[in-house]
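Shown next: input21.cif, containing mmCIF, C-alpha atoms; chains and numbers go by the auth columns.
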data_structure
#
loop_
_atom_site.group_PDB
_atom_site.id
_atom_site.type_symbol
_atom_site.label_atom_id
_atom_site.label_comp_id
_atom_site.label_asym_id
_atom_site.label_seq_id
_atom_site.Cartn_x
_atom_site.Cartn_y
_atom_site.Cartn_z
_atom_site.B_iso_or_equiv
_atom_site.auth_seq_id
_atom_site.auth_asym_id
ATOM 1 C CA MET A 1 15.812 16.113 -17.385 0.00 1 A
ATOM 2 C CA SER A 2 12.878 17.416 -19.352 0.00 2 A
ATOM 3 C CA LYS A 3 10.115 16.013 -21.514 0.00 3 A
ATOM 4 C CA ALA A 4 11.969 17.348 -24.571 0.00 4 A
ATOM 5 C CA PHE A 5 15.114 15.429 -23.560 0.00 5 A
ATOM 6 C CA ILE A 6 13.135 12.190 -23.158 0.00 6 A
ATOM 7 C CA ALA A 7 11.445 12.774 -26.528 0.00 7 A
ATOM 8 C CA LYS A 8 14.825 13.367 -28.188 0.00 8 A
ATOM 9 C CA VAL A 9 16.253 10.123 -26.755 0.00 9 A
ATOM 10 C CA LEU A 10 13.162 8.181 -27.885 0.00 10 A
ATOM 11 C CA GLN A 11 13.334 9.757 -31.326 0.00 11 A
ATOM 12 C CA GLU A 12 16.971 8.810 -31.809 0.00 12 A
ATOM 13 C CA SER A 13 16.800 5.303 -30.353 0.00 13 A
ATOM 14 C CA ALA A 14 13.531 4.184 -31.938 0.00 14 A
ATOM 15 C CA SER A 15 13.763 6.141 -35.221 0.00 15 A
ATOM 16 C CA LEU A 16 10.512 7.960 -34.487 0.00 16 A
ATOM 17 C CA THR A 17 9.346 11.275 -35.857 0.00 17 A
ATOM 18 C CA GLY A 18 9.555 14.243 -33.515 0.00 18 A
ATOM 19 C CA THR A 19 5.793 14.326 -33.051 0.00 19 A
ATOM 20 C CA ALA A 20 5.561 10.604 -32.279 0.00 20 A
ATOM 21 C CA ALA A 21 8.485 10.794 -29.840 0.00 21 A
ATOM 22 C CA ASN A 22 6.927 13.789 -28.066 0.00 22 A
ATOM 23 C CA ARG A 23 3.611 11.925 -27.767 0.00 23 A
ATOM 24 C CA ALA A 24 5.394 8.809 -26.470 0.00 24 A
ATOM 25 C CA ALA A 25 7.279 10.867 -23.855 0.00 25 A
ATOM 26 C CA GLY A 26 4.012 12.441 -22.703 0.00 26 A
ATOM 27 C CA ASP A 27 2.314 9.043 -22.545 0.00 27 A
ATOM 28 C CA LEU A 28 5.226 7.620 -20.543 0.00 28 A
ATOM 29 C CA MET A 29 5.095 10.442 -18.006 0.00 29 A
ATOM 30 C CA GLY A 30 1.312 10.146 -17.789 0.00 30 A
ATOM 31 C CA ALA A 31 1.539 6.396 -17.156 0.00 31 A
ATOM 32 C CA ILE A 32 4.062 6.955 -14.355 0.00 32 A
ATOM 33 C CA VAL A 33 1.805 9.533 -12.693 0.00 33 A
ATOM 34 C CA LYS A 34 -1.233 7.255 -13.063 0.00 34 A
ATOM 35 C CA GLU A 35 0.664 4.349 -11.465 0.00 35 A
ATOM 36 C CA MET A 36 1.801 6.546 -8.569 0.00 36 A
ATOM 37 C CA LYS A 37 -1.758 7.732 -7.952 0.00 37 A
ATOM 38 C CA LYS A 38 -3.048 4.150 -8.028 0.00 38 A
ATOM 39 C CA ASN A 39 -0.379 2.326 -5.987 0.00 39 A
ATOM 40 C CA GLY A 40 1.509 5.078 -4.197 0.00 40 A
ATOM 41 C CA LYS A 41 4.834 4.101 -5.764 0.00 41 A
ATOM 42 C CA PHE A 42 6.575 3.428 -9.057 0.00 42 A
ATOM 43 C CA THR A 43 9.744 1.372 -9.502 0.00 43 A
ATOM 44 C CA LEU A 44 12.152 1.446 -12.417 0.00 44 A
ATOM 45 C CA PRO A 45 14.389 -1.612 -12.022 0.00 45 A
ATOM 46 C CA SER A 46 18.105 -0.757 -11.852 0.00 46 A
ATOM 47 C CA PHE A 47 17.181 2.928 -11.439 0.00 47 A
ATOM 48 C CA GLY A 48 15.111 3.512 -8.326 0.00 48 A
ATOM 49 C CA THR A 49 11.716 3.900 -6.696 0.00 49 A
ATOM 50 C CA PHE A 50 9.416 6.913 -6.549 0.00 50 A
ATOM 51 C CA THR A 51 7.033 6.888 -3.571 0.00 51 A
ATOM 52 C CA VAL A 52 4.172 9.162 -2.583 0.00 52 A
ATOM 53 C CA ARG A 53 4.275 10.308 1.034 0.00 53 A
ATOM 54 C CA LYS A 54 1.772 12.297 3.038 0.00 54 A
ATOM 55 C CA THR A 55 2.934 15.464 4.779 0.00 55 A
ATOM 56 C CA LYS A 56 1.376 16.738 7.987 0.00 56 A
ATOM 57 C CA ALA A 57 -0.094 20.193 8.439 0.00 57 A
ATOM 58 C CA ARG A 58 2.454 22.524 9.995 0.00 58 A
ATOM 59 C CA LYS A 59 3.283 26.109 10.750 0.00 59 A
ATOM 60 C CA GLY A 60 5.527 28.029 8.381 0.00 60 A
ATOM 61 C CA LEU A 61 6.799 31.540 7.769 0.00 61 A
ATOM 62 C CA ASN A 62 6.007 33.860 4.906 0.00 62 A
ATOM 63 C CA PRO A 63 9.508 34.664 3.581 0.00 63 A
ATOM 64 C CA ARG A 64 8.542 38.211 2.536 0.00 64 A
ATOM 65 C CA THR A 65 6.843 39.348 5.714 0.00 65 A
ATOM 66 C CA GLY A 66 8.060 36.861 8.304 0.00 66 A
ATOM 67 C CA GLU A 67 4.425 36.300 9.260 0.00 67 A
ATOM 68 C CA ALA A 68 3.464 32.874 10.648 0.00 68 A
ATOM 69 C CA ILE A 69 1.147 30.917 8.326 0.00 69 A
ATOM 70 C CA LYS A 70 -0.510 27.503 8.382 0.00 70 A
ATOM 71 C CA VAL A 71 0.613 25.015 5.731 0.00 71 A
ATOM 72 C CA LYS A 72 -2.030 22.419 4.882 0.00 72 A
ATOM 73 C CA ALA A 73 -1.381 18.682 4.874 0.00 73 A
ATOM 74 C CA GLY A 74 -0.548 17.343 1.444 0.00 74 A
ATOM 75 C CA LYS A 75 1.444 14.827 -0.531 0.00 75 A
ATOM 76 C CA THR A 76 4.985 14.804 -1.871 0.00 76 A
ATOM 77 C CA VAL A 77 7.076 12.467 -4.008 0.00 77 A
ATOM 78 C CA ARG A 78 10.294 10.898 -2.716 0.00 78 A
ATOM 79 C CA PHE A 79 12.932 9.058 -4.733 0.00 79 A
ATOM 80 C CA LYS A 80 15.256 6.306 -3.545 0.00 80 A
ATOM 81 C CA ALA A 81 18.054 5.342 -5.909 0.00 81 A
ATOM 82 C CA SER A 82 18.773 1.664 -6.508 0.00 82 A
ATOM 83 C CA PRO A 83 22.168 0.199 -5.599 0.00 83 A
ATOM 84 C CA THR A 84 22.883 -0.228 -9.328 0.00 84 A
ATOM 85 C CA LEU A 85 22.329 3.480 -9.956 0.00 85 A
ATOM 86 C CA LYS A 86 24.445 4.426 -6.952 0.00 86 A
ATOM 87 C CA LYS A 87 27.340 2.330 -8.275 0.00 87 A
ATOM 88 C CA ALA A 88 26.995 3.804 -11.768 0.00 88 A
ATOM 89 C CA VAL A 89 27.138 7.374 -10.495 0.00 89 A
#

Here is a file; write its structure as structure tokens.
Amino acid sequence: MSKAFIAKVLQESASLTGTAANRAAGDLMGAIVKEMKKNGKFTLPSFGTFTVRKTKARKGLNPRTGEAIKVKAGKTVRFKASPTLKKAV
């Protein structure tokens, strides 16, 4: 799914212009990111929950050279589908 797809769906369902739908899609994605930064998770009822998780520093391999490298600690986003979504798919 892309921003363009979301904008197209918004445009068709809400009878918006292409520019307004594109802006609304961008605002929606921005609001989701802002909520995840603030609370560490975002839930869409009947769809699922996105959560932010911390990753530990670890050792990895450079795929080109095979050389051992250090990977810094960071954050990643996980998604857990709701039971409703699982039944629908």

Exercise. For A:Ile32, work out the shell of residues within 12 Å, counting only C-alpha atoms and skipping chain neighbours fewer than 2 positions away, then give it as a PyMOL selection string.
Key: chain A and resi 25-30+34-44+49-52

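Every residue that the PyMOL selection byres ((chain A and resi 22) around 12) selects in this file is listed here: Ser2, Lys3, Ala4, Phe5, Ile6, Ala7, Lys8, Val9, Leu10, Gln11, Glu12, Leu16, Thr17, Gly18, Thr19, Ala20, Ala21, Arg23, Ala24, Ala25, Gly26, Asp27, Leu28 and Met29 of chain A.
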
Quiz item: What do you get, as a ChimeraX atom specification, if you spell out every residue that the PyMOL selection byres ((chain A and resi 74-82) around 7) selects here?
Solution: /A:46-56,72-73,83-86

Quiz item: Distance atom CA of A:Ala31-atom CA of A:Ser15, one decimal place?
Solution: 21.8 Å

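Take atom CA of A:Val71 and atom CA of A:Ala57: the distance between them is 5.6 Å.
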
Practice problem: Report the distance between atom CA of A:Pro63 and atom CA of A:Met1 in Å, rounded to one decimal place. | Solution: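 Atom-to-atom, atom CA of A:Pro63 to atom CA of A:Met1, that is 28.7 Å.
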
How about completing stretch 31-60 of chain A with N, CA and C atoms and giving it to me as a short mmCIF file (atom, residue, chain, number, x, y, z; two decimals), in the coordinates of the input?
data_model
loop_
_atom_site.label_atom_id
_atom_site.label_comp_id
_atom_site.auth_asym_id
_atom_site.auth_seq_id
_atom_site.Cartn_x
_atom_site.Cartn_y
_atom_site.Cartn_z
N ALA A 31 1.68 7.74 -17.72
CA ALA A 31 1.54 6.40 -17.16
C ALA A 31 2.22 6.30 -15.79
N ILE A 32 3.36 6.96 -15.64
CA ILE A 32 4.06 6.96 -14.36
C ILE A 32 3.21 7.65 -13.29
N VAL A 33 2.65 8.80 -13.64
CA VAL A 33 1.80 9.53 -12.69
C VAL A 33 0.57 8.71 -12.33
N LYS A 34 -0.04 8.08 -13.31
CA LYS A 34 -1.23 7.26 -13.06
C LYS A 34 -0.91 6.10 -12.11
N GLU A 35 0.24 5.46 -12.33
CA GLU A 35 0.66 4.35 -11.46
C GLU A 35 0.92 4.83 -10.04
N MET A 36 1.53 6.01 -9.90
CA MET A 36 1.80 6.55 -8.57
C MET A 36 0.51 6.91 -7.85
N LYS A 37 -0.47 7.42 -8.57
CA LYS A 37 -1.76 7.73 -7.95
C LYS A 37 -2.46 6.46 -7.50
N LYS A 38 -2.35 5.41 -8.31
CA LYS A 38 -3.05 4.15 -8.03
C LYS A 38 -2.39 3.37 -6.88
N ASN A 39 -1.07 3.19 -6.94
CA ASN A 39 -0.38 2.33 -5.99
C ASN A 39 0.47 3.06 -4.96
N GLY A 40 0.69 4.33 -5.15
CA GLY A 40 1.51 5.08 -4.20
C GLY A 40 3.00 4.97 -4.43
N LYS A 41 3.41 4.17 -5.44
CA LYS A 41 4.83 4.10 -5.76
C LYS A 41 5.01 3.62 -7.19
N PHE A 42 6.22 3.86 -7.71
CA PHE A 42 6.58 3.43 -9.06
C PHE A 42 8.05 3.06 -9.05
N THR A 43 8.36 1.85 -9.52
CA THR A 43 9.74 1.37 -9.50
C THR A 43 10.26 1.17 -10.92
N LEU A 44 11.42 1.73 -11.19
CA LEU A 44 12.15 1.45 -12.42
C LEU A 44 13.33 0.56 -12.03
N PRO A 45 13.31 -0.72 -12.41
CA PRO A 45 14.39 -1.61 -12.02
C PRO A 45 15.75 -1.06 -12.46
N SER A 46 16.73 -1.23 -11.63
CA SER A 46 18.10 -0.76 -11.85
C SER A 46 18.21 0.76 -11.86
N PHE A 47 17.14 1.47 -11.50
CA PHE A 47 17.18 2.93 -11.44
C PHE A 47 16.78 3.42 -10.06
N GLY A 48 15.55 3.09 -9.64
CA GLY A 48 15.11 3.51 -8.33
C GLY A 48 13.61 3.45 -8.17
N THR A 49 13.13 3.94 -7.03
CA THR A 49 11.72 3.90 -6.70
C THR A 49 11.22 5.28 -6.31
N PHE A 50 10.11 5.68 -6.91
CA PHE A 50 9.42 6.91 -6.55
C PHE A 50 8.26 6.53 -5.64
N THR A 51 8.13 7.17 -4.49
CA THR A 51 7.03 6.89 -3.57
C THR A 51 6.30 8.17 -3.22
N VAL A 52 5.00 8.04 -3.00
CA VAL A 52 4.17 9.16 -2.58
C VAL A 52 4.08 9.12 -1.06
N ARG A 53 4.36 10.23 -0.43
CA ARG A 53 4.28 10.31 1.03
C ARG A 53 3.37 11.46 1.43
N LYS A 54 2.65 11.25 2.51
CA LYS A 54 1.77 12.30 3.04
C LYS A 54 2.59 13.21 3.95
N THR A 55 2.30 14.51 3.88
CA THR A 55 2.93 15.46 4.78
C THR A 55 1.88 15.97 5.75
N LYS A 56 2.29 16.24 6.97
CA LYS A 56 1.38 16.74 7.99
C LYS A 56 1.21 18.24 7.85
N ALA A 57 0.10 18.75 8.37
CA ALA A 57 -0.09 20.19 8.44
C ALA A 57 0.93 20.75 9.43
N ARG A 58 1.42 21.94 9.14
CA ARG A 58 2.45 22.52 9.99
C ARG A 58 2.41 24.04 9.91
N LYS A 59 3.17 24.66 10.77
CA LYS A 59 3.28 26.11 10.75
C LYS A 59 4.52 26.48 9.94
N GLY A 60 4.41 27.55 9.19
CA GLY A 60 5.53 28.03 8.38
C GLY A 60 5.63 29.54 8.48
#
